[in-house]
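S.K.: What follows is run.csv, made up of CSV, C-alpha atoms:
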chain,number,residue,atom,x,y,z
A,1,MET,CA,-5.1,-12.0,0.7
A,2,SER,CA,-2.2,-12.9,3.0
A,3,PHE,CA,0.7,-14.9,1.4
A,4,VAL,CA,2.4,-17.3,3.7
A,5,ASN,CA,5.6,-19.0,2.8
A,6,TYR,CA,6.1,-21.9,5.2
A,7,ILE,CA,9.5,-22.8,3.9
A,8,SER,CA,11.2,-19.4,4.0
A,9,LYS,CA,8.9,-18.4,6.9
A,10,GLU,CA,7.6,-15.2,5.4
A,11,ILE,CA,4.2,-13.5,5.7
A,12,ASN,CA,2.9,-10.8,3.4
A,13,CYS,CA,-0.2,-8.9,4.4
A,14,LYS,CA,-2.1,-6.0,2.9
A,15,ILE,CA,-3.5,-3.2,5.1
A,16,VAL,CA,-5.6,-0.4,3.6
A,17,TYR,CA,-6.3,3.0,5.1
A,18,TYR,CA,-9.8,4.0,4.1
A,19,GLY,CA,-11.8,7.2,4.9
A,20,PRO,CA,-13.1,10.5,3.5
A,21,GLY,CA,-11.0,12.9,1.5
A,22,LEU,CA,-8.4,14.9,3.4
A,23,GLY,CA,-9.0,12.9,6.6
A,24,GLY,CA,-5.4,12.0,7.1
A,25,LYS,CA,-4.8,8.6,5.4
A,26,THR,CA,-1.8,9.7,3.4
A,27,THR,CA,-0.5,11.6,6.4
A,28,ASN,CA,-0.5,8.4,8.4
A,29,ILE,CA,1.6,6.6,5.7
A,30,GLN,CA,4.0,9.6,5.4
A,31,TYR,CA,4.5,9.6,9.2
A,32,ILE,CA,5.1,5.9,9.3
A,33,TYR,CA,7.7,6.2,6.5
A,34,LYS,CA,9.4,9.0,8.3
A,35,LYS,CA,9.7,7.1,11.5
A,36,THR,CA,10.7,3.7,10.1
A,37,SER,CA,14.4,2.8,9.8
A,38,GLY,CA,15.8,2.5,6.3
A,39,ASP,CA,16.3,-1.3,6.3
A,40,HIS,CA,12.7,-1.9,7.2
A,41,LYS,CA,10.9,0.2,4.6
A,42,GLY,CA,10.7,0.6,0.9
A,43,GLN,CA,9.9,3.8,-1.0
A,44,VAL,CA,6.5,5.5,-0.6
A,45,ILE,CA,4.7,5.3,-3.9
A,46,SER,CA,2.2,8.0,-4.3
A,47,LEU,CA,-0.1,8.2,-7.3
A,48,ASN,CA,-1.6,11.6,-6.8
A,49,SER,CA,-2.8,14.8,-8.5
A,50,ASP,CA,-0.9,18.1,-8.9
A,51,ASN,CA,-2.3,19.3,-5.6
A,52,GLU,CA,-1.2,16.1,-3.9
A,53,ARG,CA,-4.6,14.6,-3.5
A,54,THR,CA,-4.4,10.9,-3.8
A,55,LEU,CA,-5.5,9.8,-7.3
A,56,PHE,CA,-5.2,6.1,-7.1
A,57,PHE,CA,-3.3,4.9,-4.1
A,58,ASP,CA,-0.3,5.4,-1.8
A,59,PHE,CA,1.8,2.4,-1.1
A,60,LEU,CA,4.5,1.7,1.5
A,61,PRO,CA,6.1,-1.7,2.1
A,62,LEU,CA,7.1,-2.3,5.6
A,63,ASN,CA,9.5,-5.2,6.5
A,64,LEU,CA,8.8,-5.7,10.2
A,65,GLY,CA,10.6,-8.0,12.5
A,66,GLU,CA,9.9,-11.6,13.2
A,67,ILE,CA,7.0,-13.0,15.0
A,68,ARG,CA,7.2,-16.6,16.2
A,69,GLY,CA,9.8,-17.4,13.5
A,70,PHE,CA,8.0,-15.7,10.6
A,71,LYS,CA,9.4,-12.6,8.9
A,72,THR,CA,6.5,-10.2,8.5
A,73,ARG,CA,5.9,-7.8,5.6
A,74,PHE,CA,3.0,-5.4,5.6
A,75,HIS,CA,1.9,-3.7,2.4
A,76,LEU,CA,0.3,-0.4,3.4
A,77,TYR,CA,-2.1,1.2,1.0
A,78,THR,CA,-4.3,4.2,1.1
A,79,VAL,CA,-7.3,4.8,-1.1
A,80,PRO,CA,-8.3,8.2,-2.6
A,81,GLY,CA,-10.9,9.8,-0.4
A,82,GLN,CA,-12.8,12.0,-2.9
A,83,VAL,CA,-16.2,10.8,-3.7
A,84,PHE,CA,-15.8,10.3,-7.4
A,85,TYR,CA,-12.9,7.9,-7.1
A,86,GLU,CA,-15.1,5.0,-6.0
A,87,ALA,CA,-13.9,2.7,-8.8
A,88,SER,CA,-10.3,3.2,-7.7
A,89,ARG,CA,-11.2,2.5,-4.1
A,90,LYS,CA,-12.7,-0.9,-5.1
A,91,LEU,CA,-9.5,-1.9,-6.8
A,92,VAL,CA,-7.3,-1.0,-3.9
A,93,LEU,CA,-9.5,-3.0,-1.6
A,94,ARG,CA,-8.9,-6.2,-3.4
A,95,GLY,CA,-7.0,-8.7,-1.4
A,96,VAL,CA,-7.2,-6.6,1.8
A,97,ASP,CA,-6.3,-8.3,5.0
A,98,GLY,CA,-6.9,-5.5,7.4
A,99,LEU,CA,-8.4,-2.0,7.4
A,100,ILE,CA,-7.9,1.3,9.2
A,101,PHE,CA,-10.8,3.7,8.9
A,102,VAL,CA,-9.4,7.2,9.3
A,103,ALA,CA,-12.2,9.5,10.3
A,104,ASP,CA,-12.0,13.3,10.3
A,105,SER,CA,-13.0,14.3,13.9
A,106,GLN,CA,-14.3,17.7,12.9
A,107,VAL,CA,-18.0,18.1,13.5
A,108,GLU,CA,-18.8,19.3,10.0
A,109,LYS,CA,-17.2,16.2,8.6
A,110,LEU,CA,-19.6,13.7,10.1
A,111,GLU,CA,-21.6,13.3,7.0
A,112,GLU,CA,-18.5,12.6,4.9
A,113,ASN,CA,-17.3,10.1,7.4
A,114,LEU,CA,-20.7,8.3,7.3
A,115,LYS,CA,-20.7,8.2,3.5
A,116,SER,CA,-17.2,6.9,3.4
A,117,LEU,CA,-18.1,4.2,5.9
A,118,ALA,CA,-21.1,3.2,3.9
A,119,SER,CA,-19.0,3.0,0.8
A,120,LEU,CA,-16.5,0.8,2.6
A,121,GLU,CA,-19.2,-1.5,3.8
A,122,ALA,CA,-20.7,-1.8,0.4
A,123,ASN,CA,-17.3,-2.3,-1.4
A,124,LEU,CA,-16.3,-5.0,1.0
A,125,ALA,CA,-19.6,-6.8,0.6
A,126,GLU,CA,-19.2,-6.6,-3.2
A,127,GLN,CA,-15.9,-8.4,-2.9
A,128,GLY,CA,-17.2,-11.1,-0.6
A,129,TYR,CA,-15.8,-9.6,2.7
A,130,ASP,CA,-17.8,-9.3,5.9
A,131,ILE,CA,-17.1,-6.1,7.7
A,132,ASN,CA,-18.1,-7.8,10.9
A,133,THR,CA,-15.2,-10.2,10.7
A,134,ILE,CA,-12.4,-8.5,8.7
A,135,PRO,CA,-9.7,-7.0,10.9
A,136,LEU,CA,-10.7,-3.4,11.3
A,137,VAL,CA,-9.8,-0.5,13.6
A,138,MET,CA,-11.0,3.1,13.7
A,139,GLN,CA,-8.9,6.1,13.9
A,140,TRP,CA,-10.4,9.4,15.1
A,141,ASN,CA,-7.9,11.8,13.5
A,142,LYS,CA,-7.4,15.5,13.9
A,143,ARG,CA,-8.0,15.5,17.6
A,144,ASP,CA,-5.9,18.7,17.9
A,145,LEU,CA,-8.5,20.8,16.2
A,146,SER,CA,-11.0,22.8,18.2
A,147,ASN,CA,-14.2,21.8,16.5
A,148,VAL,CA,-14.1,18.1,17.0
A,149,MET,CA,-16.7,15.7,18.2
A,150,SER,CA,-16.1,13.8,21.4
A,151,GLU,CA,-14.7,10.4,21.1
A,152,GLU,CA,-17.9,9.0,22.6
A,153,ASP,CA,-19.9,10.6,19.9
A,154,MET,CA,-17.5,9.3,17.2
A,155,ASN,CA,-17.9,5.8,18.5
A,156,GLU,CA,-21.6,6.1,18.8
A,157,LYS,CA,-22.0,7.5,15.3
A,158,LEU,CA,-19.3,5.6,13.4
A,159,ASN,CA,-18.3,2.5,15.3
A,160,LYS,CA,-21.3,0.3,15.2
A,161,TRP,CA,-19.1,-2.8,15.1
A,162,ASN,CA,-17.4,-1.8,18.4
A,163,VAL,CA,-13.9,-2.4,17.0
A,164,PRO,CA,-10.9,-0.8,18.7
A,165,SER,CA,-10.6,2.9,18.1
A,166,PHE,CA,-7.8,5.3,18.6
A,167,SER,CA,-7.5,9.0,18.7
A,168,SER,CA,-4.8,10.5,16.6
A,169,VAL,CA,-3.1,13.6,15.3
A,170,ALA,CA,-1.5,12.0,12.3
A,171,ILE,CA,0.4,15.1,11.3
A,172,SER,CA,2.4,14.9,14.5
A,173,GLY,CA,2.3,11.1,14.7
A,174,GLU,CA,0.2,10.8,17.7
A,175,GLY,CA,-1.8,7.6,17.5
A,176,VAL,CA,-0.4,6.5,14.2
A,177,PHE,CA,1.6,3.5,15.3
A,178,GLU,CA,-0.8,2.6,17.9
A,179,THR,CA,-3.5,2.2,15.3
A,180,LEU,CA,-1.2,0.3,13.0
A,181,LYS,CA,-0.1,-2.1,15.7
A,182,ALA,CA,-3.7,-2.8,16.7
A,183,VAL,CA,-4.8,-3.8,13.2
A,184,SER,CA,-1.5,-5.7,12.6
A,185,LYS,CA,-2.3,-7.9,15.6
A,186,GLN,CA,-5.8,-8.6,14.3
A,187,VAL,CA,-4.4,-9.4,10.9
A,188,LEU,CA,-1.8,-11.8,12.1
A,189,MET,CA,-4.3,-13.6,14.3
A,190,ASN,CA,-6.7,-13.8,11.4
A,191,ILE,CA,-4.2,-15.5,9.0
A,192,LYS,CA,-5.6,-18.8,7.8
A,193,GLY,CA,-6.3,-20.2,4.5
A,194,GLY,CA,-3.7,-17.9,3.0
A,195,ALA,CA,-2.1,-19.3,-0.1
A,196,ILE,CA,1.0,-21.3,0.8
A,197,ASN,CA,4.4,-20.9,-0.6
A,198,GLU,CA,4.0,-17.9,-2.8
A,199,ASN,CA,6.6,-15.2,-2.2
A,200,SER,CA,9.3,-13.4,-4.0
A,201,THR,CA,12.8,-14.5,-3.6
A,202,SER,CA,15.2,-14.9,-6.4
A,203,PRO,CA,16.4,-18.4,-6.9
B,1,MET,CA,7.4,-29.1,-1.1
B,2,LYS,CA,8.5,-26.4,-3.5
B,3,THR,CA,7.6,-22.7,-3.4
B,4,LEU,CA,5.8,-21.1,-6.3
B,5,ASN,CA,9.1,-19.2,-6.9
B,6,GLU,CA,11.0,-22.5,-7.1
B,7,LYS,CA,8.4,-24.1,-9.4
B,8,LEU,CA,8.5,-21.0,-11.7
B,9,PHE,CA,12.3,-21.1,-11.7
B,10,ASN,CA,12.3,-24.7,-12.8
B,11,ALA,CA,9.6,-24.2,-15.4
B,12,ILE,CA,11.4,-21.2,-16.9
B,13,LYS,CA,14.7,-23.1,-16.9
B,14,ASN,CA,13.0,-25.6,-19.1
B,15,PHE,CA,11.7,-23.0,-21.5
B,16,LYS,CA,13.1,-23.4,-25.0
B,17,GLY,CA,13.6,-19.7,-25.6
B,18,LEU,CA,15.4,-19.2,-22.3
B,19,GLU,CA,18.6,-17.8,-23.7
B,20,LYS,CA,16.6,-15.1,-25.4
B,21,ILE,CA,15.1,-13.8,-22.2
B,22,MET,CA,17.6,-14.2,-19.5
B,23,ASP,CA,19.3,-10.9,-20.3
B,24,CYS,CA,15.9,-9.2,-20.2
B,25,ASP,CA,14.3,-7.6,-17.2
B,26,PHE,CA,11.1,-9.2,-16.3
B,27,PHE,CA,9.1,-10.5,-13.4
B,28,ILE,CA,5.9,-12.3,-12.6
B,29,PHE,CA,3.5,-10.9,-10.1
B,30,SER,CA,0.1,-11.4,-8.7
B,31,ARG,CA,-2.9,-9.1,-9.2
B,32,ASP,CA,-2.4,-8.0,-5.6
B,33,GLY,CA,1.1,-6.8,-6.5
B,34,ILE,CA,3.2,-9.6,-4.9
B,35,ILE,CA,6.2,-10.5,-7.0
B,36,VAL,CA,6.5,-14.2,-7.3
B,37,TYR,CA,9.4,-14.5,-9.7
B,38,LYS,CA,11.9,-12.0,-10.9
B,39,ASN,CA,14.8,-11.7,-13.3
B,40,LEU,CA,16.0,-8.1,-12.9
B,41,SER,CA,19.3,-6.4,-13.4
B,42,ASP,CA,21.0,-5.1,-10.3
B,43,GLU,CA,20.4,-1.5,-11.2
B,44,ILE,CA,16.7,-1.9,-11.0
B,45,ARG,CA,14.9,-1.3,-7.7
B,46,SER,CA,13.9,-4.8,-6.9
B,47,GLY,CA,11.6,-4.0,-4.1
B,48,GLN,CA,7.9,-4.5,-3.5
B,49,GLU,CA,7.1,-1.1,-5.1
B,50,LEU,CA,7.4,-2.6,-8.6
B,51,GLY,CA,4.9,-5.2,-7.7
B,52,ALA,CA,2.4,-2.7,-6.2
B,53,LEU,CA,2.6,-0.4,-9.2
B,54,SER,CA,2.3,-3.3,-11.6
B,55,GLY,CA,-0.7,-4.8,-9.8
B,56,GLY,CA,-2.4,-1.4,-9.7
B,57,LEU,CA,-1.7,-0.8,-13.3
B,58,CYS,CA,-3.2,-4.1,-14.4
B,59,GLN,CA,-6.2,-3.8,-12.2
B,60,ALA,CA,-7.0,-0.3,-13.4
B,61,ALA,CA,-6.6,-1.2,-17.0
B,62,VAL,CA,-8.9,-4.2,-16.8
B,63,GLN,CA,-11.4,-2.1,-14.9
B,64,LEU,CA,-11.3,0.7,-17.5
B,65,ALA,CA,-11.7,-1.7,-20.3
B,66,THR,CA,-14.6,-3.4,-18.5
B,67,MET,CA,-16.3,-0.1,-17.9
B,68,TYR,CA,-16.1,0.6,-21.6
B,69,LYS,CA,-17.7,-2.8,-22.1
B,70,LEU,CA,-14.8,-4.4,-23.9
B,71,ASP,CA,-15.2,-8.2,-23.8
B,72,GLY,CA,-12.3,-10.3,-22.6
B,73,ALA,CA,-10.4,-7.5,-21.0
B,74,GLU,CA,-8.7,-9.8,-18.6
B,75,ASP,CA,-6.9,-11.4,-21.5
B,76,PHE,CA,-5.6,-8.0,-22.9
B,77,ARG,CA,-2.0,-7.2,-23.1
B,78,LEU,CA,-0.8,-3.9,-21.9
B,79,ASP,CA,1.9,-2.0,-23.8
B,80,PHE,CA,3.4,1.3,-22.6
B,81,SER,CA,6.3,2.2,-24.9
B,82,SER,CA,8.1,4.1,-27.5
B,83,SER,CA,9.9,2.5,-30.4
B,84,ASN,CA,12.7,1.1,-28.2
B,85,ASN,CA,11.9,1.7,-24.5
B,86,GLY,CA,9.0,0.6,-22.5
B,87,LEU,CA,7.1,-2.0,-20.6
B,88,PHE,CA,4.9,-4.8,-21.7
B,89,ILE,CA,2.5,-6.8,-19.6
B,90,LEU,CA,1.0,-10.1,-20.4
B,91,PRO,CA,-1.7,-11.8,-18.4
B,92,ILE,CA,-1.0,-15.4,-17.5
B,93,PRO,CA,-4.4,-17.1,-18.0
B,94,VAL,CA,-4.4,-19.4,-15.1
B,95,LYS,CA,-6.2,-19.4,-11.7
B,96,ASP,CA,-8.8,-16.7,-12.6
B,97,HIS,CA,-6.2,-14.4,-14.2
B,98,GLU,CA,-4.4,-14.0,-10.9
B,99,TYR,CA,-0.9,-13.6,-12.4
B,100,PHE,CA,0.9,-11.4,-14.9
B,101,LEU,CA,4.3,-11.1,-16.5
B,102,ILE,CA,5.9,-7.8,-17.2
B,103,ASN,CA,8.9,-7.1,-19.4
B,104,LEU,CA,10.8,-3.8,-19.0
B,105,TYR,CA,13.2,-2.8,-21.7
B,106,ARG,CA,15.5,0.1,-22.5
B,107,ASN,CA,17.2,0.9,-25.8
B,108,HIS,CA,16.0,-2.3,-27.3
B,109,MET,CA,16.5,-2.7,-31.1
B,110,ASN,CA,13.6,-5.1,-31.6
B,111,PRO,CA,11.1,-5.1,-28.7
B,112,GLY,CA,8.6,-6.8,-31.0
B,113,MET,CA,10.8,-9.9,-31.0
B,114,ASN,CA,10.8,-9.9,-27.2
B,115,LYS,CA,7.1,-9.7,-27.1
B,116,ILE,CA,6.9,-12.8,-29.2
B,117,VAL,CA,9.3,-14.7,-27.0
B,118,PHE,CA,7.5,-13.7,-23.8
B,119,ARG,CA,4.1,-14.7,-25.2
B,120,SER,CA,5.7,-18.0,-25.9
B,121,LEU,CA,6.9,-18.2,-22.3
B,122,VAL,CA,3.5,-17.4,-21.0
B,123,ASN,CA,2.1,-20.3,-23.2
B,124,HIS,CA,4.8,-22.5,-21.7
B,125,LEU,CA,3.7,-21.6,-18.2
B,126,VAL,CA,0.1,-22.2,-19.0
B,127,ASP,CA,1.0,-25.6,-20.2
B,128,HIS,CA,2.4,-26.2,-16.7
B,129,LYS,CA,-0.5,-24.5,-14.9
B,130,GLU,CA,-0.3,-26.9,-12.0
B,131,ILE,CA,2.6,-24.7,-10.9
B,132,PHE,CA,0.1,-22.1,-9.8
B,133,GLU,CA,-2.1,-24.5,-7.9
B,134,THR,CA,-1.9,-23.6,-4.2
B,135,LYS,CA,-3.1,-25.5,-1.2
B,136,LEU,CA,-4.9,-23.4,1.4
B,137,LYS,CA,-4.4,-24.1,5.1
B,138,GLU,CA,-7.5,-23.8,7.1
B,139,GLU,CA,-6.2,-23.5,10.6
B,140,PHE,CA,-5.0,-20.2,12.0
B,141,LEU,CA,-1.3,-19.6,11.8
B,142,PHE,CA,-1.1,-18.0,15.2
B,143,ASN,CA,-3.0,-18.4,18.4
B,144,ASP,CA,-3.3,-15.6,20.9
B,145,ILE,CA,-0.6,-13.1,19.9
B,146,LYS,CA,0.3,-11.0,22.9
B,147,ASP,CA,0.7,-7.3,22.9
B,148,HIS,CA,4.3,-7.5,23.8
B,149,GLU,CA,5.0,-9.6,20.7
B,150,ILE,CA,3.5,-6.8,18.5
B,151,ASP,CA,5.5,-4.2,20.4
B,152,GLN,CA,8.6,-6.2,19.7
B,153,LEU,CA,7.7,-6.5,16.0
B,154,PHE,CA,7.6,-2.8,15.7
B,155,LYS,CA,10.4,-2.0,18.1
B,156,GLU,CA,12.9,-3.3,15.6
B,157,VAL,CA,11.8,-0.9,12.9
B,158,ARG,CA,11.0,2.4,14.6
B,159,LEU,CA,13.5,5.2,14.7
Could you rewrite the structure in this file as structure tokens?

M.R.:
Amino acid sequence: MSFVNYISKEINCKIVYYGPGLGGKTTNIQYIYKKTSGDHKGQVISLNSDNERTLFFDFLPLNLGEIRGFKTRFHLYTVPGQVFYEASRKLVLRGVDGLIFVADSQVEKLEENLKSLASLEANLAEQGYDINTIPLVMQWNKRDLSNVMSEEDMNEKLNKWNVPSFSSVAISGEGVFETLKAVSKQVLMNIKGGAINENSTSP
Amino acid sequence: MKTLNEKLFNAIKNFKGLEKIMDCDFFIFSRDGIIVYKNLSDEIRSGQELGALSGGLCQAAVQLATMYKLDGAEDFRLDFSSSNNGLFILPIPVKDHEYFLINLYRNHMNPGMNKIVFRSLVNHLVDHKEIFETKLKEEFLFNDIKDHEIDQLFKEVRL
């Protein structure tokens, strides 16, 4: 849930990268970290296994600039993609303000994409969110590979909500910031009813 | 109109055991990992990472206990420590268990005493639970954000 401090003019929002395992969620965060200047980012926190598969979440705090007088902080999280980490995904989704669904564009990954999307829809509903209204963008990742579905097919099969979609090659950064900017705009325009005056500054 | 941080600062300032805790490293955070009050020495990274990890830790612990069908898991304390180093998390039982307090300590001769004092602090905050009451605004904060505003937001941070 977004935190707005009307006195210090600060906004905190939570964005979650969701999607099937090895689809590119962590790669997105890593690229963003690499391409963000030092003053505007914290450390990437990665809770992962020995083979660097996300175990619980990745986290990257981004201190963006000001928008209409408000300093903006985005808290970027990824969820673990492997099927058996469903409980962890539910926890990471709590308090989410915006979502990026990172799909693996390879033809053979369609089933996994669909299952992950179904899990997202169910987990959101369980927490009282409506996937039809929560800020959401789709990212069709791994567009550089040879065995990928067309973007039209990706949209037809996976984007029944007709939300903005972006092609990407996260490992090179293509489409990464475009996706993040799109969901950021939705999140900022959706801020209302956030708790007032709760933020961290030392007295 | 005071911020939550300011209200917590005032409440903690009025806590009788204040002198026992002001040399301690502790902060108060929400379940979502937002730090709302902190008293940390300069050498500690005081960024949002601490909040995110703490929030994740608490959520995972409650979930694990709930899955094991332990009643009242949201009131459990979390202790990760050796005899003189560690961290200790207390739930603050207000507002649907939204907030927690964490004490981090190093080379402490008597961490048990700290725990007693911090439990007392939590009770003190619960006695002033109106601190945590927040008003929600219903109107949208922004109307019609333009693409160039988003571009500008990110322009300042990108290498």

S.K.: Go through A:His75, A:Lys181, A:Lys41, A:Lys160 and flag the residue nearest A:Gly95, using only C-alpha atoms for the distances.

M.R.: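 Using only C-alpha atoms, A:Gly95 sits closest to A:His75.
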
S.K.: May I ask which of the residues A:Val169, A:Leu124, A:Ile32, A:Val79 is the closest one to A:Ser46, counting all atoms listed in the file?

M.R.: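 When distances to A:Ser46 are compared using all atoms listed in the file, the smallest one comes from A:Val79.
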
S.K.: Using only C-alpha atoms, can you tell me which of B:Cys58, B:Ile150, B:Ile131, B:Leu50 comes closest to chain A?

M.R.: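 Using only C-alpha atoms, chain A sits closest to B:Ile150.
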
S.K.: Could you please tell me, as a ChimeraX atom specification, which residues of chain B have an atom within 8 Å of chain A when using all atoms listed in the file?

M.R.: /B:2-6,9,32,34-39,47-49,52,56,59-60,134-145,147,149-154,156-159

S.K.: Kindly extract all protein, DNA and RNA residues lying within 8 Å of the coordinates (10.0, -23.3, -25.9) given in the file, considering all atoms listed in the file, and supply them as a VMD selection string.

M.R.: chain B and resid 14 to 18 120 to 121 124

S.K.: Up to 8 Å from (-24.4, -6.2, 6.5) in the file's coordinates: name the residues, counting all atoms listed in the file, as a PDB file with C-alpha atoms, in the frame of the given file.

M.R.:
ATOM      1  CA  GLU A 121     -19.200  -1.500   3.800  1.00  0.00           C
ATOM      2  CA  ALA A 125     -19.600  -6.800   0.600  1.00  0.00           C
ATOM      3  CA  ASP A 130     -17.800  -9.300   5.900  1.00  0.00           C
ATOM      4  CA  ILE A 131     -17.100  -6.100   7.700  1.00  0.00           C
ATOM      5  CA  ASN A 132     -18.100  -7.800  10.900  1.00  0.00           C
TER       6      ASN A 132
END

S.K.: Give me the residues near A:Met154 as an MDAnalysis selection string, where near means some atom within 10 Å (using only C-alpha atoms) and where sequence neighbours in that chain fewer than 6 positions away do not count.

M.R.: chainID A and resid 103:107 110 113 138:140 148 160 165

S.K.: What's the separation between atom CA of A:Gly81 and atom CA of A:Gly19, in Å to one decimal place?

M.R.: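 Atom-to-atom, atom CA of A:Gly81 to atom CA of A:Gly19, that is 6.0 Å.
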
S.K.: Go through B:Leu70, B:Cys24, B:Val126, B:Ile89 and flag the residue nearest B:Ala11, using all atoms listed in the file for the distances.

M.R.: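 Nearest candidate to B:Ala11 out of B:Leu70, B:Cys24, B:Val126, B:Ile89: B:Val126.
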
S.K.: Pick out the residues sitting within 10 Å of B:Pro91, and hand them over as JSON, numbers by chain; count all atoms listed in the file, and ignore anything fewer than 5 positions along from it in its own chain.

M.R.: {"B": [28, 29, 30, 31, 58, 74, 75, 76, 77, 78, 97, 98, 99, 100, 101, 102, 119, 122]}

S.K.: Atom CA of A:Asp97 and atom CA of B:Lys7 are how many Å apart?

M.R.: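 Interatomic distance, atom CA of A:Asp97 to atom CA of B:Lys7: 25.9 Å.
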
S.K.: Using Å and a single decimal, report how far atom CA of A:Thr27 sits from atom CA of A:Ser172.

M.R.: 9.2 Å

S.K.: B:Gly112: which residues within 10 Å, counting all atoms listed in the file, same-chain residues fewer than 4 positions away excluded, as a list in words?

M.R.: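 Surrounding residues, per the criterion: Ser83, Asn84, His108, Ile116 and Val117 of chain B.
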
S.K.: Measuring atom to atom with all atoms listed in the file, identify which of A:Gln127, A:Lys9, A:Val137, A:Ile29 is nearest to A:Leu99.

M.R.: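 For A:Leu99, the nearest of the given residues is A:Val137.
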